[in-house]
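Engineer: A single structure is presented below for examination.
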Amino acid sequence: MKKLVIFKLNGNLRKGGFDATIEVGLDGDRASLELEGKLPENPELADAIACHWEEKYRPLGMSYRIKPGNIIYSGSIHRVKECQTSAAALRDRVNRWLKSESFQNLNLQLRSELNREDEIRILLRTNDPLLHKLPWHKWDFFDSYSNAEIAFSSPQFIKPPDPLQPPNKGKVKILVILGHSERINVERDREILNNLDKNRAEVKFLNEPDGKQINDSLWEQGWDIIFFAGHSETVEDIGRIYINPTESLTFERDSQLWYGLRKAVERGLKLAIFNSCDGLGLAKQLDDLHIPQMIVMRDFVADLVAQEFLKQFLKNYISGQPLYLAAREAREFLQGMEEDLPCASWLPVIWQNPAAIPPRWDALVPEPPASPSQRKKRSWRTLLFASLVVASLVLGVRSLGWLQPAELKTYDQMMRLRPSEGTDRRLLIVEVTEDDLTLPEQKNRKDSLSDLALSKLIEKLEAYEPRAIGLNIIRDFPVDENVPQLRAQFQQNDRVYGACRARDTKTYPSLSPPPDLPTHRVGFIDDESDSDGVVRRHLLFMDRSATSKCQSNYEFSVRLAWHYLKQEGIRQSFQGKNLQLGQTVFKRLQSPVGAYQKADTRGGQILLNYRPSEQVAETVTLENVLRDSVPAENVRDRIVLIGANNLAAPRVVTPYQAKFPVVRLQAHAISQILNAVLENRPLMGFLPRWCDALWIFVWSGVGGALAIYCGSRLQWRIAGGLALTILWGASNVLLLQGFWVPFIPAVLGLGGASVLGLWLRQNSVFRPSPALLGGLGAMLLLHILLVPSTPFLSGAIALATAGTATLAVRQSQRQRLS
């Protein structure tokens with residue numbers, strides 16, 4: 001996050017101290033916090049500042065960029081050590097002063113408002129010239145905040161005017177003034193600037209010019225950066241540059257260059273760099289011209305220091321670093337020279353107009369206006385790039401199963417939103433409730449139904465001629481010898497079907513069917529629950545286990561539905577490994593498929609298309625039937641399911657957020673089969689893998705299009721909300737037709753491509769090539785064609801896609817900024 005801290009100090013270091021105010025806010029926005037405190041007077045610190053610069057630093061014998069003859073050179077190893085000792089003492093004094101009791105609370109509050117990772121610009125606004133000589137960068141605050149840098153500013157300011165002409169097309173315009181160069185080597189500055197990429201920067205050199213030449217150049221065109229190297233000095237707060245052996249200039253109002261520089265600011269001048277000595281006076285004078293940013297040297301600067309700073313600053317700035325951090329890193333680089341050149345890293349300072357935001361290098365190099373056809377071509381390439389990258393990433397993440405929980409929950413929500421279909425008139429459910437357990441017929445029961453009650457129930461139902469009677473209560477014990485009629489009903493009545501449990505699980509063991517029922521009238525009732533315990537799949541058939549107590553290959557609902565359909569003249573067969581009833585094929589799930597990227601789909605599993613209604617079928621109790629309270633038409637020609645719905649009855653969790661007794665789950669399964677075969681009610685299923693991928697890619701494309709073609713953030717948000725609504729509606733409509741389409745992956749594609757596209761549009765840093773787009777498209781095809789059952793390979797391809805895209809973007813940035 002980018003933060004701006006404005007530090008106002010009003011007062012005097014020698015007498016009275018300072019009223020301190022600190023404002024903190026986002027860079028480019030109004031302050032969100034204002035803190036007040038005090039810094040005490042400190043005459044000893046003021047004396048130490050003057051002593052260090054005047055008596056310890058300036059007498060060193062170095063090739064200063066100051067007017068020849070104005071300084072006595074008497075450097076020695078002894079003086080170097082003295083200067084280093086003085087610098088260390090001044091640093092310690094500064095930190096003690098900033099830890100004053102009257103300032104400490106403000107200091108701590110400031111640190112609590114900032115994060116160490118923040119990019120922080122600190123503007124020190126004061127009129128006290130001694131504070132401009134203070135080594136603020138040695139404040140221990142900057143040790144903790146490595147992305148922070150300080151700049152100076154006057155207490156009063158005016159916002160720089162908006163440029164009078166369009167930005168330069170494609171190149172940074174730099175005016176370089178190489179002034180009087182006696183005893184210094186400005187040719188090294190020329191060499192550094194001359195090595196800038198000619199395609200990105202246009203540099204004009206003026207070598208020891210006169211005032212008229214500089215003035216003419218300022219008026220002839222707009223400049224982004226003005227650079228000066230040569231001799232300069234500040235005398236009584238007036239800065240002066242020496243442009244040739246006989247001529248010098250100041251920047252007071254109505255001076256020779258005043259109006260030329262004002263015109264340069266009006267035309268878009270962003271930065272002035274004075275790589276010369278004692279530049280604080282220059283900065284104060286030029287501040288009246290409202291130059292957005294200046295970099296000057298705090299005091300006398302050695303040739304080598306000035307040149308190394310220029311080299312490192314340009315290297316950092318052109319590579320994409322913000323101006324402040326580029327200057328800080330270049331300044332810190334100079335610290336390695338301080339063994340021989342003390343205080344080298346103390347010299348470069350930024351002078352900032354508070355109303356201006358420092359531009360990055362790439363902001364100084366706007367692209368030339370593109371033709372409509374070029375803009376359209378670039379937009380389509382950016383759109384395709386964002387869509388391919390995000391779709392591939394989503395498919396990779398999905399293949400690892402990370403989206404499965406969210407997709408299942410969304411599916412449940414969609415299932416609950418479907419319109420009611422009413423009860424299925426082909427079914428009747430007879431439930432044994434808690435009250436039914438106390439009926440006289442239930443006296444000798446072993447489970448929910450006694451043999452006597454079950455025999456009487458079958459007898460009552462038989463009188464009404466149902467199509468089939470399914471006993472959804474597992475009875476793995478023989479019929480009571482006192483109820484022989486039940487054995488006869490099991491053996492001789494081909495309408496009666498029973499249940500067993502085929503698999504041993506942690507919840508239920510394998511259980512045998514009623515011993516007196518023929519195998520062809522027995523079906524297993526093993527349910528298929530997902531990892532969250534919800535039953536969304538239905539097992540139609542499976543291979544028998546030799547050790548299982550239940551030797552049925554077919555599920556209970558399939559047995560009953562087949563019995564019903566045979567009387568309609570419909571035959572059962574297999575199409576490959578898929579069960580077929582009449583013309584209806586029940587296609588097996590084979591993981592990975594759709595939302596099920598990590599699921600056990602062995603056997604003949606299908607999605608269970610629950611009947612959306614409060615009751616899947618008309619439901620009566622055991623007592624209702626035994627007491628003849630059920631009309632004959634409610635039984636005749638129907639499949640009657642008998643099951644338990646008492647406290648001890650097993651239950652299952654469904655997408656409807658309710659625990660069903662197992663008998664109702666079987667009713668939903670039978671209803672699904674019958675209505676699919678007889679009325680073409682859609683079976684629930686997934687799109688082919690390639691259709692899923694295309695669906696995700698299309699919605700990723702929609703997201704990219706929103707980012708690229710929406711003119712404002714408000715339009716982007718409104719269009720994004722509309723697209724999300726359409727996606728939700730389309731997914732629900734398709735679900736009604738039996739197609740479970742990937743909603744969550746499509747949402748991620750829509751949002752991800754929209755954010756990526758917006759970033760590419762705002763930064764304008766990337767133009768994907770056809771070769772890159774072709775490579776990303778090939779990677780997307782690998783997800784679909786080559787790795788349908790290898791999720792980790794698919795994830796690896798997704799990572800490769802992300803890496804390729806990231807490297808391409810960074811390479812494009814480096815090429816454009818180099």
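Going by the structure tokens order, chains are called A, B, ..., each with residues numbered from 1, while ligands are numbered from 1 in the order shown.
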Can you tell me which residues surround A:Ile726 at a distance of at most 12 Å, considering only C-alpha atoms, apart from same-chain residues fewer than 2 positions away, and format the answer as a ChimeraX atom specification?

Structural biologist: /A:699,702,719-724,728-733,743,746-747,750

Engineer: Residues near stretch 627-643 of chain A, anyone? I mean within 6 Å using only C-alpha atoms, not counting same-chain ones fewer than 6 positions away, as number ranges by chain.

Structural biologist: A: 426-431, 464-473, 663

Engineer: Write the residues of the preceding selection, restricted to C-alpha atoms, as a tab-separated table (two decimals), in the first residue's frame.

Structural biologist:
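As a result, out.tsv now contains:
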chain	number	residue	atom	x	y	z
A	426	ARG	CA	-46.96	-43.91	-9.22
A	427	LEU	CA	-45.74	-44.33	-5.64
A	428	LEU	CA	-47.15	-44.79	-2.17
A	429	ILE	CA	-45.06	-44.79	1.01
A	430	VAL	CA	-46.16	-46.72	4.08
A	431	GLU	CA	-44.14	-45.54	7.06
A	464	TYR	CA	-55.84	-53.26	-3.71
A	465	GLU	CA	-53.65	-54.72	-6.51
A	466	PRO	CA	-50.44	-52.64	-6.36
A	467	ARG	CA	-47.79	-53.05	-9.06
A	468	ALA	CA	-45.11	-53.94	-6.52
A	469	ILE	CA	-44.48	-53.95	-2.80
A	470	GLY	CA	-41.00	-53.01	-1.64
A	471	LEU	CA	-39.92	-53.81	1.89
A	472	ASN	CA	-37.31	-51.15	2.70
A	473	ILE	CA	-36.64	-52.66	6.10
A	663	VAL	CA	-37.52	-45.15	2.52

Engineer: Got a sec: who's within 12 Å of A:Lys173, counting only C-alpha atoms, leaving out chain neighbours fewer than 3 positions off, as JSON, numbers by chain?

Structural biologist: {"A": [167, 168, 169, 170, 176, 193, 196, 198, 199, 200, 201, 202, 203, 204, 205, 217, 218, 221, 222, 223, 224, 225, 226, 227, 264, 267, 268, 269, 270, 271, 361, 364, 365, 366]}

Engineer: Contacts of stretch 99-110 of chain A at 7 Å or less, counting only C-alpha atoms, minus same-chain residues fewer than 3 places along, as JSON, numbers by chain?

Structural biologist: {"A": [35, 36, 37, 38, 39, 95, 96, 113, 114]}

Engineer: Please provide the set of residues having any atom within 7 Å of stretch 78-82 of chain A, restricted to only C-alpha atoms, with same-chain residues fewer than 6 positions apart removed, written as JSON, numbers by chain.

Structural biologist: {"A": [56, 60, 342]}

Engineer: Write out as JSON, numbers by chain the set of residues from stretch 426-457 of chain A that DSSP, computed on the backbone, places in strand (DSSP E or B).

Structural biologist: {"A": [427, 428, 429, 430, 431, 432]}

Engineer: Deliver the residues from the most recent selection as a file, using C-alpha atoms, as a short mmCIF file (atom, residue, chain, number, x, y, z; two decimals), in the first residue's frame.

Structural biologist:
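The resulting file, again07.cif, is shown below:
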data_model
loop_
_atom_site.label_atom_id
_atom_site.label_comp_id
_atom_site.auth_asym_id
_atom_site.auth_seq_id
_atom_site.Cartn_x
_atom_site.Cartn_y
_atom_site.Cartn_z
CA LEU A 427 -45.74 -44.33 -5.64
CA LEU A 428 -47.15 -44.79 -2.17
CA ILE A 429 -45.06 -44.79 1.01
CA VAL A 430 -46.16 -46.72 4.08
CA GLU A 431 -44.14 -45.54 7.06
CA VAL A 432 -43.82 -47.28 10.40
#

Engineer: Please, what distance in Å, to one decimal, runs between atom CA of A:Ser545 and atom CA of A:Asp504?

Structural biologist: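 These atoms are spaced 10.7 Å apart.
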
Engineer: With stretch 609-626 of chain A as the partner and 9 Å as the cut-off, tabulate the residues of stretch 673-720 of chain A that qualify, each row holding the nearest pair of atoms and their distance in Å to one decimal, using only C-alpha atoms, sorted by chain and rising number, as a tab-separated table.

Structural biologist:
residue	atom	partner	partner_atom	distance
A:Pro682	CA	A:Asn609	CA	8.3
A:Leu683	CA	A:Asn609	CA	6.5
A:Met684	CA	A:Asn609	CA	5.6

Engineer: Would you kindly return, as a CSV table (one decimal) with C-alpha atoms, in the first residue's frame, each protein, DNA or RNA residue with an atom no farther than 9 Å from any atom of stretch 646-653 of chain A, considering only C-alpha atoms and excluding same-chain residues fewer than 2 positions away?

Structural biologist:
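Heads up, here's the output in selection19.csv:
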chain,number,residue,atom,x,y,z
A,431,GLU,CA,-44.1,-45.5,7.1
A,432,VAL,CA,-43.8,-47.3,10.4
A,433,THR,CA,-43.9,-44.4,12.8
A,434,GLU,CA,-43.1,-44.3,16.5
A,435,ASP,CA,-46.8,-44.7,17.3
A,436,ASP,CA,-47.1,-47.7,15.1
A,437,LEU,CA,-44.6,-49.5,17.2
A,448,SER,CA,-39.7,-51.9,13.2
A,527,ASP,CA,-26.3,-45.1,-0.4
A,529,SER,CA,-22.7,-40.0,0.3
A,533,GLY,CA,-22.1,-36.7,4.3
A,534,VAL,CA,-24.7,-35.5,1.7
A,535,VAL,CA,-26.3,-38.0,-0.7
A,643,GLY,CA,-40.1,-48.3,5.5
A,644,ALA,CA,-39.4,-47.0,9.0
A,655,PRO,CA,-29.2,-31.4,-0.6
A,656,TYR,CA,-32.5,-30.2,0.9
A,657,GLN,CA,-30.8,-29.8,4.3
A,658,ALA,CA,-33.1,-32.3,5.8
A,659,LYS,CA,-32.5,-35.9,7.1
A,660,PHE,CA,-34.7,-38.2,5.1
A,661,PRO,CA,-35.7,-41.7,6.3
A,662,VAL,CA,-34.1,-44.1,3.9
A,663,VAL,CA,-37.5,-45.1,2.5
A,665,LEU,CA,-34.6,-41.6,-0.5

Engineer: Using only C-alpha atoms, which of A:Lys315, A:Lys15, A:Arg121, A:Arg571 sits nearest A:Thr584?

Structural biologist: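 Nearest to A:Thr584: A:Arg571.
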
Engineer: What residues in stretch 244-415 of chain A get the DSSP label helix (DSSP H, G or I)? Please answer as a compact mmCIF listing (two decimals) with N, CA and C atoms, in the first residue's frame.

Structural biologist:
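Output below, filename part_31.txt:
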# COMPACT_ATOMS: atom_id res chain seq x y z
N TRP A 258 13.98 32.61 -15.71
CA TRP A 258 12.74 32.45 -14.94
C TRP A 258 11.57 32.04 -15.84
N TYR A 259 11.32 32.79 -16.90
CA TYR A 259 10.15 32.54 -17.73
C TYR A 259 10.31 31.28 -18.58
N GLY A 260 11.55 30.99 -18.96
CA GLY A 260 11.78 29.76 -19.70
C GLY A 260 11.47 28.53 -18.86
N LEU A 261 11.89 28.57 -17.59
CA LEU A 261 11.59 27.44 -16.70
C LEU A 261 10.11 27.37 -16.39
N ARG A 262 9.46 28.49 -16.24
CA ARG A 262 8.01 28.47 -16.00
C ARG A 262 7.28 27.84 -17.18
N LYS A 263 7.71 28.17 -18.40
CA LYS A 263 7.11 27.56 -19.58
C LYS A 263 7.37 26.05 -19.60
N ALA A 264 8.58 25.61 -19.17
CA ALA A 264 8.89 24.18 -19.12
C ALA A 264 7.95 23.47 -18.16
N VAL A 265 7.65 24.09 -17.01
CA VAL A 265 6.72 23.50 -16.05
C VAL A 265 5.33 23.40 -16.65
N GLU A 266 4.91 24.46 -17.34
CA GLU A 266 3.58 24.45 -17.97
C GLU A 266 3.47 23.37 -19.03
N LEU A 280 20.75 23.19 -2.05
CA LEU A 280 19.53 23.54 -1.31
C LEU A 280 19.04 24.93 -1.67
N GLY A 281 19.97 25.86 -1.91
CA GLY A 281 19.57 27.21 -2.33
C GLY A 281 18.87 27.18 -3.67
N LEU A 282 19.36 26.34 -4.60
CA LEU A 282 18.71 26.20 -5.90
C LEU A 282 17.29 25.68 -5.73
N ALA A 283 17.12 24.65 -4.87
CA ALA A 283 15.80 24.06 -4.68
C ALA A 283 14.81 25.06 -4.12
N LYS A 284 15.26 25.89 -3.15
CA LYS A 284 14.35 26.88 -2.55
C LYS A 284 13.92 27.92 -3.57
N GLN A 285 14.85 28.36 -4.43
CA GLN A 285 14.48 29.33 -5.45
C GLN A 285 13.53 28.72 -6.49
N LEU A 286 13.87 27.53 -6.95
CA LEU A 286 13.05 26.89 -7.99
C LEU A 286 11.70 26.44 -7.47
N ASP A 287 11.55 26.35 -6.14
CA ASP A 287 10.27 25.97 -5.56
C ASP A 287 9.18 26.96 -5.94
N ASP A 288 9.57 28.24 -6.15
CA ASP A 288 8.59 29.26 -6.54
C ASP A 288 8.04 29.00 -7.94
N LEU A 289 8.75 28.19 -8.74
CA LEU A 289 8.27 27.86 -10.08
C LEU A 289 7.38 26.63 -10.09
N ASP A 303 33.15 14.54 -7.23
CA ASP A 303 32.87 14.09 -8.59
C ASP A 303 32.35 12.65 -8.62
N LEU A 304 33.12 11.77 -7.99
CA LEU A 304 32.78 10.34 -8.03
C LEU A 304 31.42 10.06 -7.39
N VAL A 305 31.10 10.75 -6.29
CA VAL A 305 29.82 10.57 -5.61
C VAL A 305 28.67 11.00 -6.52
N ALA A 306 28.83 12.16 -7.15
CA ALA A 306 27.77 12.66 -8.03
C ALA A 306 27.51 11.71 -9.19
N GLN A 307 28.59 11.19 -9.75
CA GLN A 307 28.44 10.32 -10.93
C GLN A 307 27.84 8.97 -10.54
N GLU A 308 28.27 8.40 -9.43
CA GLU A 308 27.73 7.11 -9.01
C GLU A 308 26.26 7.24 -8.62
N PHE A 309 25.89 8.35 -7.98
CA PHE A 309 24.49 8.54 -7.65
C PHE A 309 23.64 8.60 -8.92
N LEU A 310 24.08 9.38 -9.90
CA LEU A 310 23.33 9.49 -11.15
C LEU A 310 23.16 8.11 -11.80
N LYS A 311 24.25 7.36 -11.87
CA LYS A 311 24.21 6.04 -12.51
C LYS A 311 23.23 5.11 -11.81
N GLN A 312 23.33 5.03 -10.48
CA GLN A 312 22.46 4.11 -9.74
C GLN A 312 21.01 4.58 -9.74
N PHE A 313 20.79 5.88 -9.62
CA PHE A 313 19.41 6.39 -9.63
C PHE A 313 18.71 6.07 -10.94
N LEU A 314 19.37 6.36 -12.06
CA LEU A 314 18.74 6.08 -13.36
C LEU A 314 18.50 4.59 -13.56
N LYS A 315 19.46 3.78 -13.12
CA LYS A 315 19.30 2.32 -13.23
C LYS A 315 18.06 1.86 -12.47
N ASN A 316 17.88 2.34 -11.24
CA ASN A 316 16.73 1.94 -10.42
C ASN A 316 15.44 2.49 -10.98
N TYR A 317 15.46 3.75 -11.36
CA TYR A 317 14.24 4.42 -11.81
C TYR A 317 13.74 3.83 -13.12
N ILE A 318 14.65 3.60 -14.05
CA ILE A 318 14.25 3.05 -15.34
C ILE A 318 13.78 1.60 -15.22
N LEU A 323 10.12 6.75 -7.79
CA LEU A 323 11.18 7.73 -7.75
C LEU A 323 11.82 7.79 -6.36
N TYR A 324 11.02 7.80 -5.32
CA TYR A 324 11.56 7.90 -3.96
C TYR A 324 12.45 6.70 -3.62
N LEU A 325 11.97 5.49 -3.93
CA LEU A 325 12.75 4.31 -3.59
C LEU A 325 13.98 4.18 -4.48
N ALA A 326 13.87 4.65 -5.73
CA ALA A 326 15.05 4.65 -6.60
C ALA A 326 16.12 5.57 -6.04
N ALA A 327 15.69 6.74 -5.51
CA ALA A 327 16.65 7.67 -4.92
C ALA A 327 17.23 7.10 -3.62
N ARG A 328 16.38 6.46 -2.80
CA ARG A 328 16.89 5.89 -1.54
C ARG A 328 17.93 4.81 -1.82
N GLU A 329 17.62 3.91 -2.75
CA GLU A 329 18.57 2.83 -3.02
C GLU A 329 19.87 3.35 -3.60
N ALA A 330 19.78 4.37 -4.45
CA ALA A 330 21.00 4.97 -5.00
C ALA A 330 21.79 5.67 -3.91
N ARG A 331 21.09 6.35 -2.99
CA ARG A 331 21.76 7.01 -1.87
C ARG A 331 22.46 5.99 -0.97
N GLU A 332 21.75 4.89 -0.67
CA GLU A 332 22.35 3.87 0.19
C GLU A 332 23.54 3.19 -0.48
N PHE A 333 23.53 3.13 -1.81
CA PHE A 333 24.67 2.57 -2.54
C PHE A 333 25.94 3.38 -2.26
N LEU A 334 25.77 4.69 -2.07
CA LEU A 334 26.93 5.56 -1.84
C LEU A 334 27.59 5.30 -0.50
N GLN A 335 26.88 4.62 0.41
CA GLN A 335 27.45 4.37 1.73
C GLN A 335 28.71 3.52 1.64
N GLY A 336 28.79 2.71 0.60
CA GLY A 336 29.98 1.90 0.41
C GLY A 336 31.23 2.71 0.08
N MET A 337 31.06 4.01 -0.22
CA MET A 337 32.20 4.87 -0.56
C MET A 337 32.67 5.70 0.63
N ALA A 344 28.99 10.56 2.03
CA ALA A 344 28.55 10.52 0.63
C ALA A 344 27.05 10.25 0.53
N SER A 345 26.54 9.34 1.37
CA SER A 345 25.11 8.98 1.30
C SER A 345 24.21 10.03 1.94
N TRP A 346 24.80 11.08 2.57
CA TRP A 346 24.01 12.14 3.19
C TRP A 346 23.63 13.22 2.17
N TRP A 361 8.96 6.00 -14.19
CA TRP A 361 9.61 6.21 -15.48
C TRP A 361 8.65 5.88 -16.63
N ASP A 362 7.92 4.75 -16.50
CA ASP A 362 7.05 4.36 -17.61
C ASP A 362 5.91 5.36 -17.81
N ALA A 363 5.55 6.12 -16.74
CA ALA A 363 4.52 7.15 -16.91
C ALA A 363 5.04 8.33 -17.72
N LEU A 364 6.36 8.49 -17.78
CA LEU A 364 6.96 9.55 -18.59
C LEU A 364 7.05 9.15 -20.06
N PRO A 372 -7.52 3.03 -34.51
CA PRO A 372 -8.65 2.20 -34.06
C PRO A 372 -8.42 0.71 -34.29
N SER A 373 -7.84 0.36 -35.45
CA SER A 373 -7.61 -1.06 -35.72
C SER A 373 -6.56 -1.64 -34.78
N GLN A 374 -5.52 -0.83 -34.46
CA GLN A 374 -4.50 -1.30 -33.51
C GLN A 374 -5.08 -1.48 -32.12
N ARG A 375 -5.91 -0.52 -31.69
CA ARG A 375 -6.52 -0.62 -30.37
C ARG A 375 -7.42 -1.84 -30.29
N LYS A 376 -8.17 -2.10 -31.35
CA LYS A 376 -9.05 -3.27 -31.36
C LYS A 376 -8.24 -4.56 -31.30
N LYS A 377 -7.14 -4.60 -32.08
CA LYS A 377 -6.29 -5.80 -32.10
C LYS A 377 -5.65 -6.03 -30.73
N ARG A 378 -5.15 -4.96 -30.10
CA ARG A 378 -4.54 -5.09 -28.78
C ARG A 378 -5.56 -5.53 -27.75
N SER A 379 -6.77 -4.96 -27.84
CA SER A 379 -7.81 -5.32 -26.88
C SER A 379 -8.15 -6.80 -26.97
N TRP A 380 -8.28 -7.29 -28.20
CA TRP A 380 -8.62 -8.70 -28.37
C TRP A 380 -7.49 -9.60 -27.87
N ARG A 381 -6.25 -9.21 -28.11
CA ARG A 381 -5.13 -10.02 -27.63
C ARG A 381 -5.07 -10.02 -26.10
N THR A 382 -5.27 -8.85 -25.50
CA THR A 382 -5.27 -8.78 -24.04
C THR A 382 -6.41 -9.60 -23.47
N LEU A 383 -7.58 -9.49 -24.10
CA LEU A 383 -8.74 -10.25 -23.65
C LEU A 383 -8.47 -11.75 -23.74
N LEU A 384 -7.90 -12.19 -24.86
CA LEU A 384 -7.61 -13.61 -25.04
C LEU A 384 -6.55 -14.08 -24.05
N PHE A 385 -5.55 -13.25 -23.81
CA PHE A 385 -4.50 -13.60 -22.85
C PHE A 385 -5.09 -13.81 -21.46
N ALA A 386 -5.88 -12.84 -20.99
CA ALA A 386 -6.47 -12.94 -19.65
C ALA A 386 -7.38 -14.17 -19.56
N SER A 387 -8.16 -14.42 -20.59
CA SER A 387 -9.08 -15.56 -20.58
C SER A 387 -8.35 -16.89 -20.53
N LEU A 388 -7.31 -17.03 -21.35
CA LEU A 388 -6.56 -18.29 -21.39
C LEU A 388 -5.84 -18.55 -20.07
N VAL A 389 -5.19 -17.52 -19.54
CA VAL A 389 -4.43 -17.71 -18.30
C VAL A 389 -5.35 -18.08 -17.15
N VAL A 390 -6.42 -17.31 -16.98
CA VAL A 390 -7.32 -17.55 -15.83
C VAL A 390 -8.06 -18.87 -16.00
N ALA A 391 -8.56 -19.17 -17.20
CA ALA A 391 -9.27 -20.44 -17.41
C ALA A 391 -8.36 -21.62 -17.13
N SER A 392 -7.11 -21.54 -17.57
CA SER A 392 -6.18 -22.64 -17.32
C SER A 392 -5.90 -22.81 -15.83
N LEU A 393 -5.74 -21.69 -15.13
CA LEU A 393 -5.51 -21.77 -13.69
C LEU A 393 -6.71 -22.36 -12.96
N VAL A 394 -7.90 -21.94 -13.35
CA VAL A 394 -9.12 -22.46 -12.71
C VAL A 394 -9.25 -23.96 -12.96
N LEU A 395 -9.00 -24.39 -14.19
CA LEU A 395 -9.08 -25.81 -14.49
C LEU A 395 -8.04 -26.61 -13.70
N GLY A 396 -6.85 -26.03 -13.55
CA GLY A 396 -5.81 -26.72 -12.78
C GLY A 396 -6.19 -26.86 -11.31
N VAL A 397 -6.69 -25.78 -10.73
CA VAL A 397 -7.12 -25.81 -9.32
C VAL A 397 -8.29 -26.78 -9.16
N ARG A 398 -9.20 -26.77 -10.13
CA ARG A 398 -10.36 -27.66 -10.04
C ARG A 398 -9.95 -29.12 -10.12
N SER A 399 -8.97 -29.41 -10.97
CA SER A 399 -8.54 -30.80 -11.15
C SER A 399 -7.93 -31.37 -9.87
N GLN A 404 -14.16 -28.64 -5.19
CA GLN A 404 -15.28 -29.57 -5.05
C GLN A 404 -16.22 -29.21 -3.91
N PRO A 405 -15.76 -28.89 -2.69
CA PRO A 405 -16.71 -28.55 -1.62
C PRO A 405 -17.61 -27.37 -1.97
N ALA A 406 -17.03 -26.33 -2.55
CA ALA A 406 -17.82 -25.15 -2.91
C ALA A 406 -18.81 -25.48 -4.02
N GLU A 407 -18.39 -26.28 -4.99
CA GLU A 407 -19.29 -26.64 -6.09
C GLU A 407 -20.46 -27.48 -5.58
N LEU A 408 -20.20 -28.38 -4.65
CA LEU A 408 -21.28 -29.22 -4.12
C LEU A 408 -22.28 -28.38 -3.34
N LYS A 409 -21.82 -27.44 -2.54
CA LYS A 409 -22.73 -26.58 -1.78
C LYS A 409 -23.57 -25.70 -2.71
N THR A 410 -22.96 -25.21 -3.76
CA THR A 410 -23.70 -24.39 -4.73
C THR A 410 -24.76 -25.23 -5.44
N TYR A 411 -24.41 -26.45 -5.77
CA TYR A 411 -25.37 -27.37 -6.40
C TYR A 411 -26.57 -27.60 -5.49
N ASP A 412 -26.32 -27.79 -4.20
CA ASP A 412 -27.43 -27.98 -3.26
C ASP A 412 -28.35 -26.77 -3.26
N GLN A 413 -27.77 -25.58 -3.30
CA GLN A 413 -28.58 -24.37 -3.30
C GLN A 413 -29.44 -24.29 -4.56
N MET A 414 -28.87 -24.64 -5.68
CA MET A 414 -29.63 -24.64 -6.93
C MET A 414 -30.76 -25.67 -6.90
N MET A 415 -30.48 -26.84 -6.34
CA MET A 415 -31.50 -27.88 -6.24
C MET A 415 -32.70 -27.40 -5.42

Engineer: Please indicate the distance in Å from atom CA of A:Leu539 to atom CA of A:Trp562, rounded to one decimal place.

Structural biologist: 15.0 Å
